[in-house]
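Only one structure is covered here, and it is reproduced in the block below.
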Amino acid sequence: MWRDRGVRVGAVIAVALAAAFLVWLLVIRSDDESSTGPVKAGAGPALGSEADLATLAGKLHHPVFWAGDQPDTRLEITDTKDGRVYARYLTGDAEVGDPRPGFLTVGTYPFKDAFGALEKAAKESGATVQHGDNGALIVTNKSRPTSVYIAYPDQDLQIEVYDPSPERALSIATSGDVTPVS
C-alpha cells in the first residue's frame with residue numbers, strides 16, 4: 001500500500017514539474033524573446049524584417065538568404081554564434097520560438113566549399129539534382145525530402161530551404177525566390 005502511494009506521489013510531482021516547464025516555455029520565455037528589435041547572435045529567435053536581415057548580413061560579412069515576403073506570415077530571425085542564420089516564416093497564431101517544425105524556414109550556413117560538398121551529396125542514392133540561376137546547384141534527397149539545399153560556385157555558404165511539404169520546399173528552392181537580402 002505504501003509503495004502504491006509513493007508511485008502516485010512521484011507521478012503527481014512529475015506532472016507538476018512538466019506543467020511548470022511548459023508555463024515557463026510558453027508564457028515566461030516567450031514574453032522575453034518575442035519583442036521586435038535587433039537580432040543578437042546566440043540570443044534566440046526574434047521577430048524581424050528584411051531590413052534586419054540586411055543589417056545582419058552586413059555584420060556577418062556574408063549574404064543572408066530568405067524566400068522574400070510570404071503572405072500571411074511574420075518573419076522570425078535566429079542568428080547563431082557561429083554565423084548561421086534562420087529566416088522562419090511564422091503563420092497563424094504561432095509565437096516566436098514556437099517549437100513546432102511546421103514553418104517554411106530558409107537557413108544560411110557558412111560552409112567551406114559548400115558547392116563541392118553539395119556536388120558529393122548530389123551523387124548519393126535518392127538525390128534529386130537541379131540547377132538554378134547563377135550556377136546554383138539545388139539538391140534534395142528522398143531520405144529527407146523536406147529539406148532542399150542550394151550552393152553557388154565560389155561561395156562558402158550553404159542554403160537550406162525547409163518546409164513540412166516536400167513539394168513546397170522544392171518549389172520554393174527552385175523558384176528563384178530564395179535570394180540574398182539587399
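Letters for chains follow the order of the C-alpha cells (A, B, ...), residue numbers begin at 1 for each chain, and ligand numbers begin at 1 in the order shown.
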
Shell around A:Thr146 at 7 Å using only C-alpha atoms, local window under 4 positions removed, as an MDAnalysis selection string: chainID A and resid 162:166 169

Spatial neighbours of A:Ala127, max dist 7 Å, only C-alpha atoms, sep filter under 2 positions, as a list in words: Ala122, Lys123, Glu124, Ser125, Val129, Val139, Thr140, Asn141 and Lys142 of chain A

Store the residues picked out above, limited to C-alpha atoms, as a short mmCIF file (atom, residue, chain, number, x, y, z; two decimals), in the first residue's frame.
```
data_model
loop_
_atom_site.label_atom_id
_atom_site.label_comp_id
_atom_site.auth_asym_id
_atom_site.auth_seq_id
_atom_site.Cartn_x
_atom_site.Cartn_y
_atom_site.Cartn_z
CA ALA A 122 24.16 15.04 -55.43
CA LYS A 123 25.78 11.67 -56.20
CA GLU A 124 24.19 9.91 -53.22
CA SER A 125 21.42 7.38 -53.69
CA VAL A 129 19.53 17.46 -58.65
CA VAL A 139 19.85 19.13 -54.23
CA THR A 140 17.31 17.22 -52.19
CA ASN A 141 17.18 13.58 -51.20
CA LYS A 142 14.33 11.11 -50.79
#
```

Computed interatomic separation between atom CA of A:Thr78 and atom CA of A:Thr91 (Å):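 Those two atoms sit 16.4 Å apart.
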
Nearest-residue call for A:Gly132, choices A:Gly176, A:Gly68, A:Gly58, A:Pro153, using only C-alpha atoms: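 Closest to A:Gly132 of all the choices is A:Gly176.
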
For A:Tyr109, the nearest of the candidates A:Leu75, A:Pro45, A:Ala151, A:Ile172, counting only C-alpha atoms: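 Ranking A:Leu75, A:Pro45, A:Ala151, A:Ile172 by distance to A:Tyr109, first place goes to A:Ala151.
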
Spatial neighbours of A:Leu137, 8 Å, only C-alpha atoms, chain gap at least 6 places, as a list in words: Phe115, Leu118, Glu119, Val129, Gln130, His131, Ile150, Ala151 and Tyr152 of chain A

Among listed residues A:Ile138, A:Val178, A:Val64, A:Val96, nearest A:Ala46 (using only C-alpha atoms):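 Among the listed residues, A:Val96 lies closest to A:Ala46.
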
Residue contacts of A:Ala87 (7 Å, only C-alpha atoms) excluding same-chain residues fewer than 4 positions away, as an MDAnalysis selection string: chainID A and resid 66 75:78 105:107

Selected residues, N, CA and C atoms, written as a JSON list (two decimals), in the first residue's frame, please.
```json
[["chain", "number", "residue", "atom", "x", "y", "z"],
["A", 66, "TRP", "N", 16.82, 34.54, -47.94],
["A", 66, "TRP", "CA", 15.45, 34.40, -47.47],
["A", 66, "TRP", "C", 14.58, 34.07, -48.67],
["A", 75, "LEU", "N", 8.08, 37.24, -39.96],
["A", 75, "LEU", "CA", 9.44, 36.75, -40.11],
["A", 75, "LEU", "C", 10.12, 36.63, -38.76],
["A", 76, "GLU", "N", 10.55, 35.42, -38.43],
["A", 76, "GLU", "CA", 11.32, 35.16, -37.22],
["A", 76, "GLU", "C", 12.77, 34.94, -37.65],
["A", 77, "ILE", "N", 13.69, 35.64, -36.99],
["A", 77, "ILE", "CA", 15.11, 35.54, -37.35],
["A", 77, "ILE", "C", 15.89, 34.98, -36.16],
["A", 78, "THR", "N", 16.72, 33.99, -36.46],
["A", 78, "THR", "CA", 17.62, 33.45, -35.45],
["A", 78, "THR", "C", 19.03, 33.50, -36.02],
["A", 105, "THR", "N", 11.28, 27.59, -43.57],
["A", 105, "THR", "CA", 12.50, 28.15, -42.99],
["A", 105, "THR", "C", 13.59, 28.14, -44.04],
["A", 106, "VAL", "N", 14.31, 29.26, -44.13],
["A", 106, "VAL", "CA", 15.48, 29.35, -45.00],
["A", 106, "VAL", "C", 16.69, 29.56, -44.11],
["A", 107, "GLY", "N", 17.61, 28.61, -44.16],
["A", 107, "GLY", "CA", 18.83, 28.70, -43.37],
["A", 107, "GLY", "C", 20.01, 29.07, -44.25]]
```
